[in-house]
$ cat structure.cif   # mmCIF, C-alpha atoms and all ligand atoms
data_entry
#
loop_
_atom_site.label_atom_id
_atom_site.label_comp_id
_atom_site.auth_asym_id
_atom_site.auth_seq_id
_atom_site.Cartn_x
_atom_site.Cartn_y
_atom_site.Cartn_z
CA MET E 34 44.53 204.30 63.80
CA THR E 35 47.00 201.85 65.24
CA GLU E 36 46.15 198.27 64.43
CA THR E 37 45.59 196.18 67.57
CA ILE E 38 44.74 192.63 68.44
CA THR E 39 43.22 191.48 71.73
CA ILE E 40 43.49 187.87 72.81
CA ARG E 41 42.99 185.90 75.97
CA ARG E 42 46.05 186.17 78.18
CA PRO E 43 48.61 183.61 76.96
CA ASP E 44 50.72 181.03 78.82
CA ASP E 45 54.28 179.91 78.15
CA TRP E 46 54.40 176.12 78.04
CA HIS E 47 58.22 175.91 78.11
CA LEU E 48 60.39 178.27 80.13
CA HIS E 49 63.77 178.34 81.88
CA LEU E 50 63.51 180.69 84.83
CA ARG E 51 66.83 179.79 86.51
CA ASP E 52 67.24 180.61 90.19
CA GLY E 53 68.59 183.27 92.55
CA ALA E 54 69.52 186.70 91.21
CA MET E 55 69.03 185.73 87.57
CA MET E 56 65.55 184.38 88.23
CA GLU E 57 64.61 187.57 90.03
CA ALA E 58 65.87 189.63 87.10
CA VAL E 59 64.21 187.67 84.29
CA LEU E 60 60.90 186.69 85.91
CA PRO E 61 59.11 190.03 85.34
CA TYR E 62 59.61 189.76 81.57
CA THR E 63 57.63 186.54 81.52
CA ALA E 64 55.03 187.62 84.09
CA ARG E 65 54.36 190.79 82.09
CA GLN E 66 52.98 188.67 79.26
CA PHE E 67 52.07 185.22 80.50
CA ALA E 68 49.61 184.13 83.19
CA ARG E 69 51.28 180.74 83.68
CA ALA E 70 54.43 179.02 82.58
CA ILE E 71 55.77 175.49 82.60
CA VAL E 72 59.02 175.93 84.50
CA MET E 73 61.83 173.68 83.38
CA PRO E 74 63.61 171.68 86.09
CA ASN E 75 67.19 171.73 84.74
CA LEU E 76 68.69 173.68 87.61
CA ALA E 77 72.01 172.60 89.09
CA PRO E 78 71.24 170.32 90.88
CA PRO E 79 68.10 169.39 88.91
CA VAL E 80 64.62 169.44 90.41
CA THR E 81 64.03 165.73 90.96
CA THR E 82 61.92 165.71 94.13
CA ALA E 83 58.52 167.17 94.93
CA ALA E 84 60.06 168.91 97.95
CA ALA E 85 62.64 170.63 95.72
CA ALA E 86 59.91 171.64 93.24
CA ALA E 87 57.72 173.08 96.01
CA ALA E 88 60.66 175.07 97.40
CA TYR E 89 61.56 176.35 93.92
CA ARG E 90 57.96 177.40 93.34
CA GLU E 91 58.03 179.34 96.61
CA ARG E 92 61.24 181.13 95.56
CA ILE E 93 59.63 182.11 92.26
CA LEU E 94 56.49 183.43 93.94
CA ALA E 95 58.59 185.34 96.48
CA ALA E 96 60.52 186.99 93.63
CA LEU E 97 57.38 188.08 91.78
CA PRO E 98 57.04 191.87 91.88
CA GLU E 99 54.02 193.27 93.75
CA GLY E 100 50.91 193.42 91.63
CA MET E 101 52.04 190.92 88.99
CA ASP E 102 49.80 187.94 88.44
CA PHE E 103 51.72 184.81 87.45
CA THR E 104 51.51 181.11 88.29
CA PRO E 105 54.56 178.87 87.88
CA LEU E 106 53.71 175.32 86.85
CA MET E 107 56.42 173.01 88.09
CA THR E 108 57.95 170.01 86.35
CA ALA E 109 59.93 166.99 87.49
CA TYR E 110 63.33 166.20 85.99
CA LEU E 111 63.34 162.52 85.05
CA THR E 112 66.40 160.43 85.83
CA ASP E 113 67.20 156.73 85.54
CA ASP E 114 66.26 156.49 89.22
CA THR E 115 62.94 158.37 89.28
CA ASP E 116 60.56 156.50 91.54
CA PRO E 117 57.07 156.10 90.03
CA ASP E 118 55.37 156.38 93.44
CA ASP E 119 57.20 159.62 94.33
CA LEU E 120 56.43 161.10 90.93
CA ALA E 121 52.75 160.18 91.14
CA ALA E 122 52.49 161.51 94.71
CA GLY E 123 53.92 164.91 93.67
CA PHE E 124 51.47 165.04 90.76
CA GLU E 125 48.50 164.09 92.90
CA GLN E 126 49.46 166.74 95.47
CA GLY E 127 49.49 169.33 92.68
CA ILE E 128 53.18 170.15 93.15
CA TRP E 129 54.16 169.34 89.62
CA VAL E 130 52.04 169.19 86.51
CA ALA E 131 54.34 167.30 84.15
CA ALA E 132 57.70 165.54 83.92
CA LYS E 133 60.53 166.36 81.55
CA LEU E 134 62.75 163.94 79.69
CA TYR E 135 66.28 165.16 79.16
CA PRO E 136 68.21 162.46 77.35
CA ALA E 137 71.51 162.45 79.29
CA GLY E 138 73.97 164.85 77.67
CA ALA E 139 71.44 166.45 75.30
CA THR E 140 71.70 170.02 76.60
CA THR E 141 72.34 172.40 79.53
CA ASN E 142 72.34 170.57 82.89
CA SER E 143 71.21 167.30 81.38
CA ALA E 144 74.04 165.16 82.77
CA SER E 145 71.68 163.54 85.28
CA GLY E 146 69.10 162.86 82.58
CA VAL E 147 67.87 159.53 81.30
CA THR E 148 70.56 157.33 79.73
CA ASP E 149 68.13 154.89 78.06
CA ILE E 150 64.39 155.41 77.71
CA ARG E 151 63.80 151.78 78.73
CA ASN E 152 65.18 152.64 82.17
CA ILE E 153 62.05 154.65 82.90
CA ASP E 154 59.43 152.25 81.54
CA ARG E 155 57.68 151.94 84.90
CA VAL E 156 57.67 155.69 85.38
CA VAL E 157 56.14 156.28 81.96
CA GLU E 158 53.58 153.57 82.57
CA ARG E 159 52.51 155.37 85.74
CA MET E 160 52.40 158.75 83.99
CA GLU E 161 50.14 157.26 81.34
CA LYS E 162 47.86 155.86 84.02
CA ILE E 163 47.51 159.11 85.98
CA GLY E 164 47.36 161.41 82.93
CA MET E 165 50.61 163.23 83.71
CA PRO E 166 52.05 164.88 80.58
CA PHE E 167 55.44 163.65 79.39
CA LEU E 168 57.56 166.49 77.99
CA ALA E 169 60.38 165.46 75.72
CA HIS E 170 63.60 167.14 74.79
CA GLY E 171 63.47 165.24 71.53
CA GLU E 172 67.05 164.60 70.51
CA VAL E 173 69.23 161.52 70.55
CA THR E 174 72.64 162.15 72.02
CA HIS E 175 75.05 159.67 70.44
CA ASP E 176 78.24 161.44 69.37
CA GLU E 177 78.17 159.76 65.98
CA VAL E 178 74.80 161.27 65.04
CA ASP E 179 75.05 164.59 63.21
CA ILE E 180 73.72 167.39 65.41
CA PHE E 181 71.27 168.46 62.69
CA ASP E 182 69.79 164.94 62.55
CA ARG E 183 69.32 164.35 66.25
CA GLU E 184 65.68 165.38 66.40
CA ALA E 185 64.66 163.25 63.42
CA ARG E 186 66.50 160.26 64.85
CA PHE E 187 64.71 160.73 68.19
CA ILE E 188 61.37 160.23 66.44
CA GLU E 189 62.40 156.88 65.00
CA GLU E 190 64.44 155.57 67.89
CA VAL E 191 62.58 156.89 70.92
CA ALA E 192 59.22 158.58 70.30
CA ILE E 193 57.54 156.06 68.00
CA PRO E 194 58.37 152.98 70.10
CA LEU E 195 57.55 154.85 73.35
CA LEU E 196 54.14 155.98 72.13
CA LYS E 197 53.41 152.49 70.85
CA ARG E 198 54.21 151.03 74.25
CA HIS E 199 52.12 153.71 75.99
CA GLU E 200 49.08 154.36 73.87
CA GLY E 201 47.44 156.75 76.31
CA LEU E 202 50.49 158.83 77.24
CA LYS E 203 50.10 162.60 76.87
CA PHE E 204 53.23 163.60 74.99
CA VAL E 205 54.58 167.08 74.26
CA PHE E 206 57.43 167.22 71.77
CA GLU E 207 59.23 170.31 73.05
CA HIS E 208 60.69 173.07 70.86
CA ILE E 209 60.37 171.31 67.53
CA THR E 210 62.77 172.37 64.79
CA THR E 211 62.22 170.02 61.85
CA ARG E 212 59.70 169.08 59.20
CA ASP E 213 60.02 165.54 60.52
CA ALA E 214 58.81 166.54 63.99
CA ALA E 215 56.04 168.74 62.61
CA GLN E 216 54.74 165.88 60.44
CA PHE E 217 55.05 163.38 63.24
CA VAL E 218 52.99 165.53 65.61
CA GLU E 219 50.47 166.49 62.96
CA ALA E 220 49.85 162.83 62.13
CA GLY E 221 49.52 161.78 65.77
CA ASP E 222 46.32 161.58 67.78
CA ALA E 223 45.04 164.28 70.15
CA ARG E 224 47.31 163.33 73.07
CA ILE E 225 50.39 164.27 71.01
CA ALA E 226 51.34 167.93 70.73
CA ALA E 227 54.37 170.19 70.37
CA THR E 228 55.68 173.51 71.58
CA VAL E 229 57.28 175.96 69.17
CA THR E 230 59.77 178.73 70.05
CA PRO E 231 59.93 182.17 68.44
CA GLN E 232 63.46 181.58 67.18
CA HIS E 233 62.63 178.34 65.38
CA LEU E 234 59.87 180.23 63.55
CA GLN E 235 62.15 183.13 62.66
CA ILE E 236 65.73 181.98 62.12
CA ASN E 237 67.43 179.16 60.31
CA ARG E 238 70.94 177.85 60.89
CA ASN E 239 72.53 180.59 58.81
CA ALA E 240 71.88 182.96 61.71
CA ILE E 241 74.45 181.11 63.81
CA PHE E 242 77.23 181.67 61.27
CA LYS E 243 76.37 184.98 59.62
CA GLY E 244 79.60 187.01 59.38
CA GLY E 245 81.22 184.90 62.10
CA ILE E 246 80.02 182.78 64.99
CA ASN E 247 76.90 184.25 66.60
CA PRO E 248 76.53 182.62 69.99
CA HIS E 249 73.25 184.41 70.73
CA ALA E 250 71.57 182.49 67.90
CA TYR E 251 72.72 179.18 69.34
CA CYS E 252 70.26 177.04 71.23
CA LEU E 253 69.39 173.37 71.42
CA PRO E 254 67.88 171.86 69.44
CA VAL E 255 69.98 173.93 67.07
CA ALA E 256 68.17 175.86 64.31
CA LYS E 257 67.96 173.83 61.10
CA ARG E 258 67.79 174.48 57.35
CA GLU E 259 65.29 176.96 55.90
CA GLU E 260 63.01 174.19 54.61
CA HIS E 261 62.58 173.00 58.19
CA ARG E 262 61.85 176.47 59.50
CA LEU E 263 59.16 176.85 56.85
CA ALA E 264 57.59 173.51 57.75
CA VAL E 265 57.56 174.33 61.47
CA ARG E 266 56.06 177.74 60.66
CA LYS E 267 53.33 176.18 58.55
CA ALA E 268 52.50 173.72 61.31
CA ALA E 269 52.48 176.33 64.08
CA THR E 270 50.28 178.76 62.17
CA GLY E 271 48.12 176.15 60.45
CA GLY E 272 45.38 176.02 63.05
CA SER E 273 45.53 172.28 63.79
CA GLY E 274 45.51 172.87 67.55
CA LYS E 275 48.47 170.52 68.08
CA PHE E 276 51.19 173.17 68.16
CA PHE E 277 51.30 175.77 70.89
CA LEU E 278 53.40 178.45 72.46
CA GLY E 279 56.52 177.49 74.40
CA THR E 280 59.32 180.02 74.29
CA ASP E 281 62.19 177.92 75.65
CA SER E 282 63.52 181.27 76.85
CA ALA E 283 66.90 180.26 78.30
CA PRO E 284 68.98 183.12 79.71
CA HIS E 285 72.71 182.78 80.17
CA ALA E 286 75.07 185.53 81.30
CA ARG E 287 76.66 187.28 78.32
CA SER E 288 80.08 186.00 79.34
CA ALA E 289 78.82 182.41 79.34
CA LYS E 290 77.48 182.83 75.78
CA GLU E 291 80.40 184.82 74.38
CA SER E 292 83.02 182.31 75.39
CA ALA E 293 85.19 179.65 73.76
CA CYS E 294 82.53 177.07 74.65
CA GLY E 295 79.37 179.15 74.67
CA CYS E 296 76.24 177.85 76.37
CA ALA E 297 73.13 176.86 74.41
CA GLY E 298 70.08 178.99 75.00
CA ILE E 299 68.29 182.06 73.64
CA PHE E 300 66.78 184.58 76.02
CA ASN E 301 63.59 185.53 74.20
CA ALA E 302 61.31 186.28 77.17
CA PRO E 303 61.39 190.10 76.88
CA PHE E 304 59.48 190.24 73.56
CA ALA E 305 58.25 186.71 73.03
CA LEU E 306 54.60 187.47 72.35
CA GLU E 307 55.59 190.28 70.01
CA ALA E 308 57.78 187.87 68.03
CA TYR E 309 54.99 185.32 67.68
CA ALA E 310 52.62 188.10 66.57
CA GLU E 311 55.04 189.01 63.79
CA VAL E 312 55.03 185.43 62.54
CA PHE E 313 51.25 185.07 62.54
CA GLU E 314 50.90 188.44 60.85
CA GLU E 315 53.44 187.57 58.17
CA GLU E 316 51.55 184.35 57.49
CA GLY E 317 48.30 186.31 57.23
CA VAL E 318 46.68 184.42 60.11
CA LEU E 319 46.79 186.82 63.07
CA GLY E 320 43.34 185.49 63.93
CA ARG E 321 44.96 182.18 64.84
CA LEU E 322 47.41 183.68 67.33
CA GLU E 323 44.97 183.33 70.22
CA ALA E 324 44.50 179.59 69.81
CA PHE E 325 48.27 179.04 69.56
CA ALA E 326 49.13 181.29 72.49
CA SER E 327 46.19 180.92 74.83
CA LEU E 328 43.88 177.97 74.06
CA ASP E 329 45.67 174.93 72.64
CA GLY E 330 48.20 174.58 75.48
CA PRO E 331 45.62 174.61 78.28
CA ARG E 332 43.57 172.04 76.39
CA LEU E 333 46.46 169.54 76.26
CA TYR E 334 47.19 170.11 79.94
CA GLY E 335 43.51 169.82 80.90
CA MET E 336 43.37 173.36 82.27
CA ALA E 337 40.97 176.20 81.62
CA PRO E 338 42.20 179.06 79.43
CA ASN E 339 42.80 182.39 81.16
CA GLU E 340 39.88 184.78 81.49
CA ALA E 341 41.87 188.03 81.29
CA THR E 342 42.93 189.48 77.94
CA VAL E 343 46.00 191.26 76.56
CA THR E 344 46.26 193.67 73.67
CA LEU E 345 49.07 193.95 71.16
CA GLU E 346 49.54 197.12 69.13
CA LYS E 347 51.25 197.31 65.79
CA VAL E 348 53.95 199.71 66.94
CA GLU E 349 57.70 199.36 66.37
CA THR E 350 59.51 198.52 69.58
CA ARG E 351 63.26 198.62 70.13
CA VAL E 352 64.93 195.62 71.70
CA PRO E 353 67.75 196.66 74.05
CA GLY E 354 71.29 195.41 73.43
CA THR E 355 71.49 193.90 76.89
CA ILE E 356 69.20 193.30 79.83
CA ASP E 357 70.13 193.16 83.51
CA GLY E 358 70.51 189.50 84.39
CA GLY E 359 70.95 189.96 88.12
CA THR E 360 74.72 189.70 88.42
CA GLU E 361 75.68 190.07 84.74
CA PRO E 362 74.03 191.36 81.61
CA VAL E 363 72.11 188.97 79.36
CA VAL E 364 71.77 189.54 75.63
CA PRO E 365 68.15 189.12 74.54
CA TYR E 366 66.84 187.59 71.33
CA ARG E 367 67.06 190.17 68.51
CA ALA E 368 69.14 192.51 70.67
CA GLY E 369 69.48 195.96 69.16
CA GLY E 370 66.75 195.28 66.60
CA THR E 371 63.09 196.18 66.46
CA MET E 372 59.86 194.26 66.91
CA GLY E 373 56.82 195.03 64.80
CA TRP E 374 54.41 194.75 67.73
CA ARG E 375 54.18 195.94 71.29
CA LEU E 376 52.24 194.53 74.19
CA LYS E 377 50.03 197.23 75.67
CA ALA E 378 50.69 197.81 79.35
O1 LIG A 401 69.18 175.95 74.22
C1 LIG A 401 68.80 175.40 75.22
N1 LIG A 401 68.98 175.93 76.43
N2 LIG A 401 68.16 174.23 75.10
C2 LIG A 401 67.84 173.50 76.18
O2 LIG A 401 67.32 172.42 75.99
C3 LIG A 401 68.19 173.96 77.54
C4 LIG A 401 68.35 175.40 77.59
C5 LIG A 401 69.03 175.89 78.84
O3 LIG A 401 68.66 175.47 79.93
O4 LIG A 401 69.92 176.74 78.74
ZN ZN A 402 64.18 174.20 77.25
#
$ encode --input "structure.cif" --output "structure tokens" --more "lines below"
Ligand code: DOR
Ligand code: ZN
Amino acid sequence: MTETITIRRPDDWHLHLRDGAMMEAVLPYTARQFARAIVMPNLAPPVTTAAAAAAYRERILAALPEGMDFTPLMTAYLTDDTDPDDLAAGFEQGIWVAAKLYPAGATTNSASGVTDIRNIDRVVERMEKIGMPFLAHGEVTHDEVDIFDREARFIEEVAIPLLKRHEGLKFVFEHITTRDAAQFVEAGDARIAATVTPQHLQINRNAIFKGGINPHAYCLPVAKREEHRLAVRKAATGGSGKFFLGTDSAPHARSAKESACGCAGIFNAPFALEAYAEVFEEEGVLGRLEAFASLDGPRLYGMAPNEATVTLEKVETRVPGTIDGGTEPVVPYRAGGTMGWRLKA
């Protein structure tokens, strides 16, 4: 008999859906698996107003294929000029559920991000007061800091002082990649959590350079040394309840990845849940997959877990070499390989 596992339907607490033709092409891959997703606001131009977020949400819902059940959870893109009253009004109206910190220059479409965390003190103070989660791209951006050290430096320079100044702030350290971040989150109180991507559980930095430059293994924060991958894996599968599913699926057209200055981002949406299942199985803790994928995220966000369930079967599944990205093909995570699990339709 085929081994199966049934869990409550999961959510993706960190997702790049893009817009237009690409959004229409990639959305079904997420909606197939996840009931809800935190939609990142780094469009060009970024989603900085509640009106823009509401319009983006409408475009997503309009693109959802008939019969698919999926709720986009919108986020605000913080800038040096974010107005605390506007942000709070959008939250109170239920338009956005969280706000995202992109340190200026940290990653794709982050040029309008925050140049100094102290510039948004009043905004953070308001978020703390109204219980609005603060989602951090946790990297410093100074050119002189080694790219592999940027997450660890963010903890010292930004996260620790910020959380000391705002002792009630709900804080999600997005897509953690280091032992430092795992330990920091583990040691924090219940308001501090982290999302973990499939790739940071499965690849280390060798993947980017194996046999030549592999742009499809390049994302930000960049994959780190093996010891960091192992620490993140231990944290994510350890059952603490502080680490939950956030794919950071970030599609770019193949030509934008396979170029002299390739974009950061890994498109893992097609088989994300299958990849996480592999990790939990390899660690011998498949029984903890449900909490990671379906319970611990809603708890941090103060939402109820989904009532529906999904079933994964232990069946080898081929990952296509490319996927239609609307106007151009997109190369998915583990393109051309196989997954050890398959989500039952
Ligand atoms: O690799 C990444 N891609 N990291 C991010 O933080 C942004 C994302 C994107 O939007 O492409
Ligand atoms: Zn992201």
$ closest_residue --input "structure.cif" --among "E:Pro248, E:Gly146, E:Pro338, E:Pro303" --to "Ala324 in chain E" --atoms "all atoms listed in the file"
E:Pro338
$ closest_atom_pairs --input "structure.cif" --of "chain E" --to "ligand LIG 401 (chain A)" --cutoff "9 Å" --atoms "all atoms listed in the file" --output "CSV"
residue,atom,partner,partner_atom,distance
E:Leu48,CA,A:LIG401,O3,8.7
E:His49,CA,A:LIG401,O3,6.0
E:Leu50,CA,A:LIG401,O3,8.8
E:Arg51,CA,A:LIG401,O3,8.1
E:Met73,CA,A:LIG401,O3,7.9
E:Pro74,CA,A:LIG401,O3,8.8
E:Asn75,CA,A:LIG401,O3,6.3
E:Leu76,CA,A:LIG401,O3,7.9
E:Tyr135,CA,A:LIG401,O2,8.0
E:Ala139,CA,A:LIG401,O2,7.3
E:Thr140,CA,A:LIG401,O2,5.0
E:Thr141,CA,A:LIG401,O3,4.8
E:Asn142,CA,A:LIG401,O3,6.8
E:Ser143,CA,A:LIG401,C3,8.3
E:His170,CA,A:LIG401,O2,6.6
E:Glu207,CA,A:LIG401,O2,8.9
E:His208,CA,A:LIG401,O2,8.4
E:Tyr251,CA,A:LIG401,O1,6.8
E:Cys252,CA,A:LIG401,O1,3.4
E:Leu253,CA,A:LIG401,O1,3.8
E:Pro254,CA,A:LIG401,N2,6.1
E:Val255,CA,A:LIG401,O1,7.5
E:Asp281,CA,A:LIG401,C4,6.9
E:Ser282,CA,A:LIG401,C4,7.6
E:Ala283,CA,A:LIG401,O4,4.7
E:Pro284,CA,A:LIG401,O4,6.5
E:His285,CA,A:LIG401,O4,6.8
E:Cys296,CA,A:LIG401,O4,6.8
E:Ala297,CA,A:LIG401,O1,4.1
E:Gly298,CA,A:LIG401,O1,3.3
E:Ile299,CA,A:LIG401,O1,6.2
E:Phe300,CA,A:LIG401,O4,8.9
$ closest_residue --input "structure.cif" --among "E:Asp113, E:Asn301, E:Asp102, E:Ile180" --to "ligand ZN 402 (chain A)" --atoms "all atoms listed in the file"
E:Asn301
$ residues_around --input "structure.cif" --residues "Arg159 in chain E" --least-positions-apart "5" --cutoff "9 Å" --atoms "all atoms listed in the file" --output "MDAnalysis selection string"
chainID E and resid 117:118 120:121 154 164:165
$ write_last_selection --input "structure.cif" --atoms "C-alpha atoms" --output "tab-separated table (two decimals), in the frame of the given file"
chain	number	residue	atom	x	y	z
E	117	PRO	CA	57.07	156.10	90.03
E	118	ASP	CA	55.37	156.38	93.44
E	120	LEU	CA	56.43	161.10	90.93
E	121	ALA	CA	52.75	160.18	91.14
E	154	ASP	CA	59.43	152.25	81.54
E	164	GLY	CA	47.36	161.41	82.93
E	165	MET	CA	50.61	163.23	83.71
$ closest_residue --input "structure.cif" --among "E:Gly335, E:Gly370, E:Gly123, E:Gly221" --to "Val352 in chain E" --atoms "only C-alpha atoms"
E:Gly370
$ closest_residue --input "structure.cif" --among "E:Ala137, E:Met107, E:Val363, E:Ala368" --to "Ala84 in chain E" --atoms "only C-alpha atoms"
E:Met107
